[in-house]
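K.L.:
Pasting in a structure now, in structure tokens, and then I'll have a few things to ask.
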Amino acid sequence: MRIVPESMPSQNKAIIAGAIVSIAVFVYIMLSANLLPLLGLHLPLLPAMAYIKMGSATLAAFCCFWYFRGLKNALIGFFGICALFWTLEFLSGHFGMFGGTYSYTDAFPGPSIGGTPVLLGLEHYAYYFFMSYFIANLLVDGVIVSSQESWWKRALFVSFISSAIVVGIDMMADPVQVDYFNEWHWAAGSPYFGIPYGNYVGYILIYTIVLFAVKYLEIRLDARQIGPSLLVIGCIPLVMHFSRFLEYASTELPALTIIGCFTMLFPCILAGDRLLIYLGKSPAGV
């Protein structure tokens, strides 16, 4: 079984190679820092691990978008999502506009502007937007990239499902980052690990709108897949999603792993099944 077709252009092979190497680095960091130590196994830790982890996740996400949506759309999506969500985090943290007021600590990696970490834009792009975009397409339409037919009705529904996936991720991510790593503090919380419920309502509203806008721009900019649908790159969002589930579960916060089985693991398994069915029907899929 070939990983990529022999006739594939060198540029496409390079994009796929970049995605594979990046996700491999990301998974290695997750295994060496979080999962394997629980089993008594210790691999060498990479220097500047927090930055390499974020960089590898971002590069893997960008390569996937480049392959499935084209370079122009990938660049617009990258800069647009990073800038937009950093701005929203800044406004929310200072004015409580989207779910509550909070303040970051020095435990969050990287520099800050006005008390809001610069890397938050990359975090939203790689850990929320990227994974939810592709998983929602698979769950709703059974394809890696949704069809443009009757686009606005379908796009709105896919965007809503994507926002629900984001909430599912955040239901594991926030308790870990707040209660385990102490990366920020909420001014007012709720019985759910001290995180206000409005935080999740805000994610539903914001991500539904943002994902719908992204799909609209893809129509206007004629976004196109530059190569055949292949398992080797189509599975990368799922690999990252499953890796994040294992990372959060390894912290052993009370009941969090059980919650994550429903909010992260089950959607990931279902999307993986839809991906294999889709590729099985595609002559180019391997």
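Simple scheme: letters A, B, ... for chains in structure tokens order, numbers from 1 for residues in each chain, numbers from 1 for ligands in the order shown.
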For segment 135-191 of chain A against segment 84-108 of chain A, with a cut-off of 10 Å and counting only C-alpha atoms, what is the closest atom pair and its distance in Å to one decimal for every residue that makes the cut, ordered by chain and number, as JSON lines?
P.N.:
```
{"residue": "A:Gln177", "atom": "CA", "partner": "A:Phe108", "partner_atom": "CA", "distance": 8.7}
{"residue": "A:Val178", "atom": "CA", "partner": "A:Tyr104", "partner_atom": "CA", "distance": 9.6}
{"residue": "A:Phe181", "atom": "CA", "partner": "A:Ala107", "partner_atom": "CA", "distance": 7.1}
{"residue": "A:Asn182", "atom": "CA", "partner": "A:Ala107", "partner_atom": "CA", "distance": 6.6}
{"residue": "A:Glu183", "atom": "CA", "partner": "A:Phe108", "partner_atom": "CA", "distance": 4.9}
{"residue": "A:Trp184", "atom": "CA", "partner": "A:Tyr104", "partner_atom": "CA", "distance": 4.0}
{"residue": "A:His185", "atom": "CA", "partner": "A:Tyr102", "partner_atom": "CA", "distance": 5.4}
{"residue": "A:Trp186", "atom": "CA", "partner": "A:Tyr102", "partner_atom": "CA", "distance": 4.3}
{"residue": "A:Ala187", "atom": "CA", "partner": "A:Tyr102", "partner_atom": "CA", "distance": 5.5}
{"residue": "A:Ala188", "atom": "CA", "partner": "A:Gly100", "partner_atom": "CA", "distance": 7.3}
{"residue": "A:Gly189", "atom": "CA", "partner": "A:Gly100", "partner_atom": "CA", "distance": 8.4}
```
K.L.:
So that I can see what lies close to Gln11 of chain A, please list as a ChimeraX atom specification the residues with an atom at most 10 Å from it, counting only C-alpha atoms and leaving out residues fewer than 6 positions away in the same chain.
P.N.:
/A:17,67,226
K.L.:
Write to file, as an mmCIF file, in the first residue's frame, the residues of the selection just made, with all heavy atoms.
P.N.:
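The result, stored in out22.cif:
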```cif
data_model
loop_
_atom_site.group_PDB
_atom_site.id
_atom_site.type_symbol
_atom_site.label_atom_id
_atom_site.label_comp_id
_atom_site.auth_asym_id
_atom_site.auth_seq_id
_atom_site.Cartn_x
_atom_site.Cartn_y
_atom_site.Cartn_z
ATOM 1 N N ALA A 17 4.626 15.524 4.070
ATOM 2 C CA ALA A 17 5.763 15.216 4.932
ATOM 3 C C ALA A 17 5.844 16.190 6.100
ATOM 4 O O ALA A 17 6.120 15.784 7.243
ATOM 5 C CB ALA A 17 7.059 15.251 4.120
ATOM 6 N N TYR A 67 -3.248 21.587 2.270
ATOM 7 C CA TYR A 67 -3.540 20.462 1.386
ATOM 8 C C TYR A 67 -5.015 20.398 1.011
ATOM 9 O O TYR A 67 -5.360 20.175 -0.154
ATOM 10 C CB TYR A 67 -3.119 19.158 2.052
ATOM 11 C CG TYR A 67 -3.178 17.953 1.131
ATOM 12 C CD1 TYR A 67 -2.113 17.664 0.286
ATOM 13 C CD2 TYR A 67 -4.292 17.121 1.096
ATOM 14 C CE1 TYR A 67 -2.156 16.575 -0.576
ATOM 15 C CE2 TYR A 67 -4.346 16.028 0.249
ATOM 16 C CZ TYR A 67 -3.278 15.764 -0.586
ATOM 17 O OH TYR A 67 -3.333 14.690 -1.442
ATOM 18 N N ILE A 226 -5.866 20.264 -3.058
ATOM 19 C CA ILE A 226 -4.811 20.245 -4.068
ATOM 20 C C ILE A 226 -4.345 18.835 -4.407
ATOM 21 O O ILE A 226 -3.495 18.660 -5.289
ATOM 22 C CB ILE A 226 -3.603 21.094 -3.621
ATOM 23 C CG1 ILE A 226 -2.940 20.483 -2.377
ATOM 24 C CG2 ILE A 226 -4.035 22.523 -3.359
ATOM 25 C CD1 ILE A 226 -1.657 21.192 -1.992
#
```
K.L.:
Could you check how far atom CA of Leu265 of chain A sits from atom CA of Lys153 of chain A, in Å to one decimal?
P.N.:
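According to the coordinates, atom CA of Leu265 of chain A and atom CA of Lys153 of chain A are separated by 27.5 Å.
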K.L.:
Could you give me, as a count of residues only, the residues within 8 Å of Ile81 of chain A, counting only C-alpha atoms and dropping anything in the same chain fewer than 6 positions from it?
P.N.:
4
K.L.:
Could you give me the residues within segment 144-263 of chain A that DSSP places in helix (DSSP H, G or I), as a ChimeraX atom specification?
P.N.:
/A:151-180,198-220,231-234,236-249,256-263
K.L.:
Based on the selection just made, write C-alpha atoms of those residues as an mmCIF file, in the first residue's frame.
P.N.:
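As written to disk, result-v4.cif reads:
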```
data_model
loop_
_atom_site.group_PDB
_atom_site.id
_atom_site.type_symbol
_atom_site.label_atom_id
_atom_site.label_comp_id
_atom_site.auth_asym_id
_atom_site.auth_seq_id
_atom_site.Cartn_x
_atom_site.Cartn_y
_atom_site.Cartn_z
ATOM 1 C CA TRP A 151 -23.924 25.545 1.254
ATOM 2 C CA TRP A 152 -25.441 28.022 3.699
ATOM 3 C CA LYS A 153 -27.851 25.574 5.372
ATOM 4 C CA ARG A 154 -25.252 22.840 5.570
ATOM 5 C CA ALA A 155 -22.463 25.226 6.522
ATOM 6 C CA LEU A 156 -24.508 26.645 9.384
ATOM 7 C CA PHE A 157 -25.241 23.177 10.754
ATOM 8 C CA VAL A 158 -21.640 21.993 10.355
ATOM 9 C CA SER A 159 -20.472 25.188 12.072
ATOM 10 C CA PHE A 160 -22.787 24.529 15.008
ATOM 11 C CA ILE A 161 -21.531 20.943 15.336
ATOM 12 C CA SER A 162 -17.983 22.268 15.162
ATOM 13 C CA SER A 163 -18.726 24.643 18.034
ATOM 14 C CA ALA A 164 -20.125 21.729 20.060
ATOM 15 C CA ILE A 165 -16.863 19.839 19.444
ATOM 16 C CA VAL A 166 -14.949 22.901 20.653
ATOM 17 C CA VAL A 167 -17.019 22.908 23.842
ATOM 18 C CA GLY A 168 -16.283 19.202 24.271
ATOM 19 C CA ILE A 169 -12.560 19.893 24.011
ATOM 20 C CA ASP A 170 -12.764 22.832 26.390
ATOM 21 C CA MET A 171 -14.670 20.812 28.972
ATOM 22 C CA MET A 172 -11.439 18.830 29.391
ATOM 23 C CA ALA A 173 -8.921 21.566 28.576
ATOM 24 C CA ASP A 174 -10.101 24.271 30.969
ATOM 25 C CA PRO A 175 -10.121 22.168 34.149
ATOM 26 C CA VAL A 176 -6.602 20.936 33.333
ATOM 27 C CA GLN A 177 -5.226 24.370 32.511
ATOM 28 C CA VAL A 178 -6.933 26.081 35.448
ATOM 29 C CA ASP A 179 -6.967 23.502 38.243
ATOM 30 C CA TYR A 180 -3.886 21.450 37.327
ATOM 31 C CA GLY A 198 -21.118 31.242 30.261
ATOM 32 C CA ASN A 199 -17.667 30.272 28.988
ATOM 33 C CA TYR A 200 -19.170 27.322 27.118
ATOM 34 C CA VAL A 201 -22.163 29.278 25.867
ATOM 35 C CA GLY A 202 -19.708 31.826 24.494
ATOM 36 C CA TYR A 203 -17.807 29.118 22.640
ATOM 37 C CA ILE A 204 -21.013 27.869 21.001
ATOM 38 C CA LEU A 205 -21.985 31.334 19.787
ATOM 39 C CA ILE A 206 -18.552 32.525 18.703
ATOM 40 C CA TYR A 207 -17.347 29.379 16.971
ATOM 41 C CA THR A 208 -20.636 28.871 15.128
ATOM 42 C CA ILE A 209 -20.339 32.371 13.681
ATOM 43 C CA VAL A 210 -16.620 32.107 12.943
ATOM 44 C CA LEU A 211 -16.829 28.689 11.270
ATOM 45 C CA PHE A 212 -19.774 29.845 9.168
ATOM 46 C CA ALA A 213 -17.756 32.890 8.080
ATOM 47 C CA VAL A 214 -14.806 30.640 7.201
ATOM 48 C CA LYS A 215 -16.994 28.432 5.034
ATOM 49 C CA TYR A 216 -18.474 31.499 3.345
ATOM 50 C CA LEU A 217 -14.983 32.793 2.525
ATOM 51 C CA GLU A 218 -14.033 29.379 1.155
ATOM 52 C CA ILE A 219 -16.913 29.651 -1.305
ATOM 53 C CA ARG A 220 -15.982 33.199 -2.313
ATOM 54 C CA LEU A 231 -5.447 8.570 5.106
ATOM 55 C CA VAL A 232 -1.914 9.709 5.893
ATOM 56 C CA ILE A 233 -2.985 13.364 6.077
ATOM 57 C CA GLY A 234 -6.733 12.993 6.620
ATOM 58 C CA ILE A 236 -3.942 14.038 11.424
ATOM 59 C CA PRO A 237 -6.789 16.082 13.006
ATOM 60 C CA LEU A 238 -8.008 12.886 14.686
ATOM 61 C CA VAL A 239 -4.530 11.952 15.883
ATOM 62 C CA MET A 240 -4.125 15.372 17.464
ATOM 63 C CA HIS A 241 -7.612 15.234 18.979
ATOM 64 C CA PHE A 242 -6.989 11.783 20.495
ATOM 65 C CA SER A 243 -3.564 12.895 21.755
ATOM 66 C CA ARG A 244 -5.131 15.854 23.524
ATOM 67 C CA PHE A 245 -7.692 13.562 25.133
ATOM 68 C CA LEU A 246 -4.897 11.329 26.486
ATOM 69 C CA GLU A 247 -2.951 14.362 27.687
ATOM 70 C CA TYR A 248 -5.905 15.759 29.618
ATOM 71 C CA ALA A 249 -6.873 12.339 30.975
ATOM 72 C CA LEU A 256 -12.583 14.452 34.129
ATOM 73 C CA THR A 257 -11.579 11.351 32.174
ATOM 74 C CA ILE A 258 -15.130 9.992 32.346
ATOM 75 C CA ILE A 259 -16.479 13.315 31.089
ATOM 76 C CA GLY A 260 -13.873 13.356 28.316
ATOM 77 C CA CYS A 261 -14.909 9.914 27.098
ATOM 78 C CA PHE A 262 -18.216 11.471 26.057
ATOM 79 C CA THR A 263 -17.036 14.952 25.017
#
```
K.L.:
So that I can check the secondary structure, give me every residue of segment 24-171 of chain A assigned strand (DSSP E or B) by backbone DSSP, as number ranges by chain.
P.N.:
A: 102-104, 112-113, 116-117
K.L.:
What gap, in Å, lies between atom CA of Leu253 of chain A and atom CA of Phe193 of chain A?
P.N.:
9.6 Å
K.L.:
Nearest to Ala57 of chain A among A:Pro44, A:Leu38, A:Ser10, A:Met131, with distances taken over only C-alpha atoms: which residue is it?
P.N.:
A:Met131
K.L.:
A:Tyr51, A:Tyr192, A:Met8, A:Glu252: which is nearest Pro109 of chain A, counting only C-alpha atoms?
P.N.:
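Going through A:Tyr51, A:Tyr192, A:Met8, A:Glu252 one by one, the smallest distance to Pro109 of chain A is for A:Tyr51.
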K.L.:
What separation in Å, quoted to one decimal, exists between atom CA of Phe62 of chain A and atom CA of Ala74 of chain A?
P.N.:
6.4 Å
